[in-house]
Amino acid sequence: MSTTESTSFYDNLEHMSIKDLLFNMNKEDQTVPQAVNRSLPQIEALVENIAPRMTAGGRLFYIGAGTSGRLGILDASECPPTYGVPHNLVIGIIAGGDDAIRKAVENAEDDTEQAWPDIQSFGFNANDTVIGIAASGTTPYVIGGVKRAREEGLLTGCITCNEGSPLAMAVEYPVEVVVGPEFVTGSTRMKSGTAQKLVLNMISTSLMIKLGRVKGNKMVDMQLSNRKLVNRGTKMIMEATGLDAESANYLLNKHGSVRAAVEAHQKNT
């Protein structure tokens, strides 16, 4: 039996107090970063190989079903506002299409042929990378997608929570984060989902830094989509230039980004 389907270390959950439920869930959650730490060499190998391809114009696709698909979409959707990159640079695809983001689509994850057409609806780039996300490592939609992508010459990786899964065997750079049995047996939206989210954070953030989208430790290309971000950007400019708040805010509004505002100031001083 796969680790993700193994029986929980806890039983009679319905008889636990709320305090004990929360304590034991939190106890299990604390093991997740340790599992991710053990997988750092795999994550490093994957990112090291993606970075030059994206620098050369490649895109990053996440494909998954259910929770795994939703996590990929979440990570992809946060890259444009955070780093100012185009919406088609990091792309999340879920089995069953966008309707499956909110509601399960029957049998969508069992289709081994659909992932490749879903990827190809965005066009073809020989420098693209496809990362399959599946806690079990057995999802047909994901396995079919990465196999075809690899056949077409794209770089392939995966994030799974079982060792030696069919998905890991199908890609060049597997990331296997084995978190052990879930608190509720088989509920991989819990520890497995948390592990996948952590790894996705690490992959996309590392890549955005290597693509030059961070200066120092600041998101200098973030989209100024609300007052909080405008205030954050103004403070960044003040720190970088020594300007007062009014002057910094003027430059930000004039040039549209922290990077452009600071560069304009430096050019004129």
# chains A, B, ... in the order shown; residues from 1 in each chain; ligands from 1
$ closest_atom_pairs --of "region 70-136 of chain A" --to "region 168-191 of chain A" --cutoff "12 Å" --atoms "only C-alpha atoms" --output "Markdown table"
| residue | atom | partner | partner_atom | distance |
| --- | --- | --- | --- | --- |
| A:Arg70 | CA | A:Arg189 | CA | 10.4 |
| A:Leu71 | CA | A:Arg189 | CA | 9.8 |
| A:Thr129 | CA | A:Tyr173 | CA | 10.8 |
| A:Val130 | CA | A:Val171 | CA | 9.3 |
| A:Ile131 | CA | A:Val171 | CA | 8.6 |
| A:Gly132 | CA | A:Val171 | CA | 8.6 |
| A:Ile133 | CA | A:Val175 | CA | 9.6 |
| A:Ala134 | CA | A:Thr188 | CA | 9.6 |
| A:Ala135 | CA | A:Thr188 | CA | 6.7 |
| A:Ser136 | CA | A:Thr188 | CA | 8.4 |
$ closest_residue --among "A:Val258, A:Ile237, A:Met16, A:Leu89" --to "Leu224 (chain A)" --atoms "only C-alpha atoms"
A:Val258
$ closest_residue --among "A:Asn12, A:Thr160, A:Gln223, A:Ser204" --to "Ile91 (chain A)" --atoms "only C-alpha atoms"
A:Ser204
$ atom_distance --atom1 "CA of Gly72 (chain A)" --atom2 "CA of Ile93 (chain A)"
7.3 Å
$ residues_around --residues "Leu198 (chain A)" --least-positions-apart "5" --cutoff "9 Å" --atoms "only C-alpha atoms" --output "count of residues only"
4
$ select_by_dssp --residues "region 10-230 of chain A" --states "strand (DSSP E or B)" --output "PyMOL selection string"
chain A and resi 60-64+90-94+129-133+155-160+173-176+215+218
$ write_last_selection --atoms "C-alpha atoms" --output "compact mmCIF listing (two decimals), in the first residue's frame"
# COMPACT_ATOMS: atom_id res chain seq x y z
CA LEU A 60 6.47 26.50 -16.61
CA PHE A 61 3.35 24.32 -16.57
CA TYR A 62 1.85 22.67 -13.51
CA ILE A 63 -0.62 19.86 -14.20
CA GLY A 64 -2.68 18.07 -11.58
CA VAL A 90 3.69 30.07 -15.20
CA ILE A 91 0.51 28.18 -16.06
CA GLY A 92 -1.59 25.93 -13.82
CA ILE A 93 -3.80 23.29 -15.46
CA ILE A 94 -6.32 21.09 -13.64
CA THR A 129 8.84 22.61 -18.51
CA VAL A 130 5.96 20.46 -17.24
CA ILE A 131 5.69 19.56 -13.55
CA GLY A 132 3.12 16.93 -12.67
CA ILE A 133 1.61 17.26 -9.19
CA LEU A 155 11.73 19.11 -19.40
CA THR A 156 9.63 17.12 -16.94
CA GLY A 157 9.44 16.98 -13.15
CA CYS A 158 6.90 16.04 -10.52
CA ILE A 159 5.89 16.56 -6.91
CA THR A 160 4.57 13.44 -5.21
CA TYR A 173 13.44 15.20 -12.13
CA PRO A 174 11.10 13.76 -9.50
CA VAL A 175 10.54 15.42 -6.14
CA GLU A 176 9.30 12.87 -3.60
CA LYS A 215 16.24 43.06 -6.11
CA LYS A 218 12.19 43.23 -2.56
$ decode --residues "region 85-239 of chain A" --atoms "C-alpha atoms" --output "mmCIF file, in the first residue's frame"
data_model
loop_
_atom_site.group_PDB
_atom_site.id
_atom_site.type_symbol
_atom_site.label_atom_id
_atom_site.label_comp_id
_atom_site.auth_asym_id
_atom_site.auth_seq_id
_atom_site.Cartn_x
_atom_site.Cartn_y
_atom_site.Cartn_z
ATOM 1 C CA VAL A 85 5.550 38.500 -15.077
ATOM 2 C CA PRO A 86 3.123 37.721 -17.926
ATOM 3 C CA HIS A 87 0.160 35.496 -17.099
ATOM 4 C CA ASN A 88 1.354 32.889 -19.589
ATOM 5 C CA LEU A 89 4.794 32.386 -18.027
ATOM 6 C CA VAL A 90 3.686 30.065 -15.197
ATOM 7 C CA ILE A 91 0.513 28.176 -16.057
ATOM 8 C CA GLY A 92 -1.591 25.930 -13.825
ATOM 9 C CA ILE A 93 -3.804 23.294 -15.461
ATOM 10 C CA ILE A 94 -6.321 21.091 -13.643
ATOM 11 C CA ALA A 95 -7.983 17.925 -14.926
ATOM 12 C CA GLY A 96 -11.520 18.784 -15.926
ATOM 13 C CA GLY A 97 -10.739 22.404 -16.771
ATOM 14 C CA ASP A 98 -11.518 25.543 -14.798
ATOM 15 C CA ASP A 99 -14.866 24.154 -13.604
ATOM 16 C CA ALA A 100 -12.874 21.637 -11.545
ATOM 17 C CA ILE A 101 -11.283 24.411 -9.493
ATOM 18 C CA ARG A 102 -14.468 24.642 -7.436
ATOM 19 C CA LYS A 103 -16.250 21.342 -8.108
ATOM 20 C CA ALA A 104 -14.977 17.855 -8.852
ATOM 21 C CA VAL A 105 -15.385 16.782 -12.483
ATOM 22 C CA GLU A 106 -16.254 13.093 -12.709
ATOM 23 C CA ASN A 107 -13.557 10.833 -14.199
ATOM 24 C CA ALA A 108 -11.435 13.778 -15.395
ATOM 25 C CA GLU A 109 -8.316 12.559 -13.602
ATOM 26 C CA ASP A 110 -8.588 9.111 -15.197
ATOM 27 C CA ASP A 111 -8.093 10.410 -18.761
ATOM 28 C CA THR A 112 -4.496 9.684 -19.797
ATOM 29 C CA GLU A 113 -4.781 11.601 -23.089
ATOM 30 C CA GLN A 114 -6.297 14.958 -22.114
ATOM 31 C CA ALA A 115 -3.376 16.675 -20.354
ATOM 32 C CA TRP A 116 -1.302 17.115 -23.508
ATOM 33 C CA PRO A 117 -4.089 18.880 -25.466
ATOM 34 C CA ASP A 118 -4.656 21.047 -22.391
ATOM 35 C CA ILE A 119 -0.976 22.011 -22.409
ATOM 36 C CA GLN A 120 -0.907 22.543 -26.152
ATOM 37 C CA SER A 121 -3.837 24.938 -26.013
ATOM 38 C CA PHE A 122 -1.177 27.414 -24.850
ATOM 39 C CA GLY A 123 1.088 26.704 -27.834
ATOM 40 C CA PHE A 124 4.420 24.936 -28.057
ATOM 41 C CA ASN A 125 7.814 26.103 -26.837
ATOM 42 C CA ALA A 126 10.775 23.718 -26.872
ATOM 43 C CA ASN A 127 12.086 25.330 -23.669
ATOM 44 C CA ASP A 128 8.896 24.678 -21.696
ATOM 45 C CA THR A 129 8.836 22.610 -18.507
ATOM 46 C CA VAL A 130 5.960 20.460 -17.242
ATOM 47 C CA ILE A 131 5.689 19.564 -13.549
ATOM 48 C CA GLY A 132 3.117 16.932 -12.667
ATOM 49 C CA ILE A 133 1.613 17.256 -9.192
ATOM 50 C CA ALA A 134 -0.017 14.196 -7.612
ATOM 51 C CA ALA A 135 0.243 13.151 -3.970
ATOM 52 C CA SER A 136 -0.310 9.508 -4.863
ATOM 53 C CA GLY A 137 1.949 9.584 -7.913
ATOM 54 C CA THR A 138 -0.597 7.443 -9.762
ATOM 55 C CA THR A 139 -3.014 9.967 -11.335
ATOM 56 C CA PRO A 140 -3.510 8.906 -15.001
ATOM 57 C CA TYR A 141 -4.131 12.467 -16.250
ATOM 58 C CA VAL A 142 -0.826 13.656 -14.809
ATOM 59 C CA ILE A 143 1.228 10.616 -15.831
ATOM 60 C CA GLY A 144 -0.102 10.772 -19.386
ATOM 61 C CA GLY A 145 0.711 14.469 -19.568
ATOM 62 C CA VAL A 146 4.309 14.256 -18.405
ATOM 63 C CA LYS A 147 5.021 11.199 -20.554
ATOM 64 C CA ARG A 148 3.860 12.984 -23.698
ATOM 65 C CA ALA A 149 5.674 16.176 -22.728
ATOM 66 C CA ARG A 150 8.900 14.231 -22.265
ATOM 67 C CA GLU A 151 8.425 12.512 -25.618
ATOM 68 C CA GLU A 152 8.082 15.954 -27.204
ATOM 69 C CA GLY A 153 11.395 17.070 -25.683
ATOM 70 C CA LEU A 154 10.117 19.223 -22.825
ATOM 71 C CA LEU A 155 11.732 19.107 -19.397
ATOM 72 C CA THR A 156 9.625 17.123 -16.936
ATOM 73 C CA GLY A 157 9.438 16.979 -13.154
ATOM 74 C CA CYS A 158 6.905 16.038 -10.518
ATOM 75 C CA ILE A 159 5.890 16.563 -6.911
ATOM 76 C CA THR A 160 4.574 13.441 -5.213
ATOM 77 C CA CYS A 161 4.336 12.071 -1.692
ATOM 78 C CA ASN A 162 5.096 8.403 -2.362
ATOM 79 C CA GLU A 163 8.454 6.881 -3.183
ATOM 80 C CA GLY A 164 8.959 5.031 -6.459
ATOM 81 C CA SER A 165 5.587 5.963 -7.919
ATOM 82 C CA PRO A 166 4.696 5.637 -11.622
ATOM 83 C CA LEU A 167 4.720 9.427 -11.875
ATOM 84 C CA ALA A 168 8.238 9.704 -10.463
ATOM 85 C CA MET A 169 9.405 7.015 -12.881
ATOM 86 C CA ALA A 170 7.916 8.923 -15.827
ATOM 87 C CA VAL A 171 9.811 12.199 -15.342
ATOM 88 C CA GLU A 172 13.420 13.317 -15.425
ATOM 89 C CA TYR A 173 13.437 15.198 -12.132
ATOM 90 C CA PRO A 174 11.101 13.763 -9.498
ATOM 91 C CA VAL A 175 10.537 15.422 -6.138
ATOM 92 C CA GLU A 176 9.300 12.871 -3.600
ATOM 93 C CA VAL A 177 8.219 14.346 -0.269
ATOM 94 C CA VAL A 178 7.124 11.425 1.892
ATOM 95 C CA VAL A 179 5.124 12.857 4.791
ATOM 96 C CA GLY A 180 3.687 9.569 6.063
ATOM 97 C CA PRO A 181 0.067 8.627 6.790
ATOM 98 C CA GLU A 182 -2.475 11.433 6.941
ATOM 99 C CA PHE A 183 -4.285 12.324 10.164
ATOM 100 C CA VAL A 184 -7.513 11.287 8.434
ATOM 101 C CA THR A 185 -6.528 8.209 6.443
ATOM 102 C CA GLY A 186 -6.024 9.051 2.773
ATOM 103 C CA SER A 187 -6.940 12.762 3.120
ATOM 104 C CA THR A 188 -4.029 14.061 1.073
ATOM 105 C CA ARG A 189 -5.269 17.624 1.168
ATOM 106 C CA MET A 190 -3.700 17.684 4.638
ATOM 107 C CA LYS A 191 0.031 16.904 5.085
ATOM 108 C CA SER A 192 0.587 15.996 1.449
ATOM 109 C CA GLY A 193 -1.102 19.181 0.262
ATOM 110 C CA THR A 194 0.928 21.247 2.713
ATOM 111 C CA ALA A 195 4.132 19.635 1.445
ATOM 112 C CA GLN A 196 3.170 20.319 -2.170
ATOM 113 C CA LYS A 197 2.441 23.968 -1.353
ATOM 114 C CA LEU A 198 5.817 24.396 0.324
ATOM 115 C CA VAL A 199 7.651 22.866 -2.635
ATOM 116 C CA LEU A 200 5.711 24.968 -5.139
ATOM 117 C CA ASN A 201 6.592 28.096 -3.148
ATOM 118 C CA MET A 202 10.260 27.136 -3.292
ATOM 119 C CA ILE A 203 10.244 26.349 -7.011
ATOM 120 C CA SER A 204 8.465 29.471 -8.237
ATOM 121 C CA THR A 205 10.173 31.863 -5.819
ATOM 122 C CA SER A 206 13.643 30.555 -6.667
ATOM 123 C CA LEU A 207 12.899 30.838 -10.370
ATOM 124 C CA MET A 208 11.557 34.376 -10.106
ATOM 125 C CA ILE A 209 14.681 35.427 -8.205
ATOM 126 C CA LYS A 210 16.922 33.835 -10.838
ATOM 127 C CA LEU A 211 14.908 35.570 -13.564
ATOM 128 C CA GLY A 212 15.804 38.904 -11.943
ATOM 129 C CA ARG A 213 12.375 39.660 -10.530
ATOM 130 C CA VAL A 214 13.693 40.377 -7.023
ATOM 131 C CA LYS A 215 16.236 43.062 -6.110
ATOM 132 C CA GLY A 216 17.891 42.615 -2.734
ATOM 133 C CA ASN A 217 14.903 41.087 -0.996
ATOM 134 C CA LYS A 218 12.194 43.233 -2.557
ATOM 135 C CA MET A 219 9.443 42.461 -5.097
ATOM 136 C CA VAL A 220 10.402 45.421 -7.288
ATOM 137 C CA ASP A 221 8.157 44.386 -10.205
ATOM 138 C CA MET A 222 4.977 43.683 -8.228
ATOM 139 C CA GLN A 223 1.686 44.915 -9.671
ATOM 140 C CA LEU A 224 0.286 47.940 -7.856
ATOM 141 C CA SER A 225 -3.228 46.556 -7.668
ATOM 142 C CA ASN A 226 -4.341 47.973 -4.320
ATOM 143 C CA ARG A 227 -3.543 50.617 -1.715
ATOM 144 C CA LYS A 228 -1.526 48.230 0.450
ATOM 145 C CA LEU A 229 0.828 47.436 -2.432
ATOM 146 C CA VAL A 230 1.150 51.101 -3.401
ATOM 147 C CA ASN A 231 2.139 51.885 0.195
ATOM 148 C CA ARG A 232 4.599 48.977 0.196
ATOM 149 C CA GLY A 233 6.097 50.173 -3.073
ATOM 150 C CA THR A 234 6.407 53.720 -1.767
ATOM 151 C CA LYS A 235 8.340 52.484 1.272
ATOM 152 C CA MET A 236 10.629 50.432 -0.962
ATOM 153 C CA ILE A 237 11.468 53.526 -3.004
ATOM 154 C CA MET A 238 12.059 55.576 0.148
ATOM 155 C CA GLU A 239 14.495 52.948 1.423
#
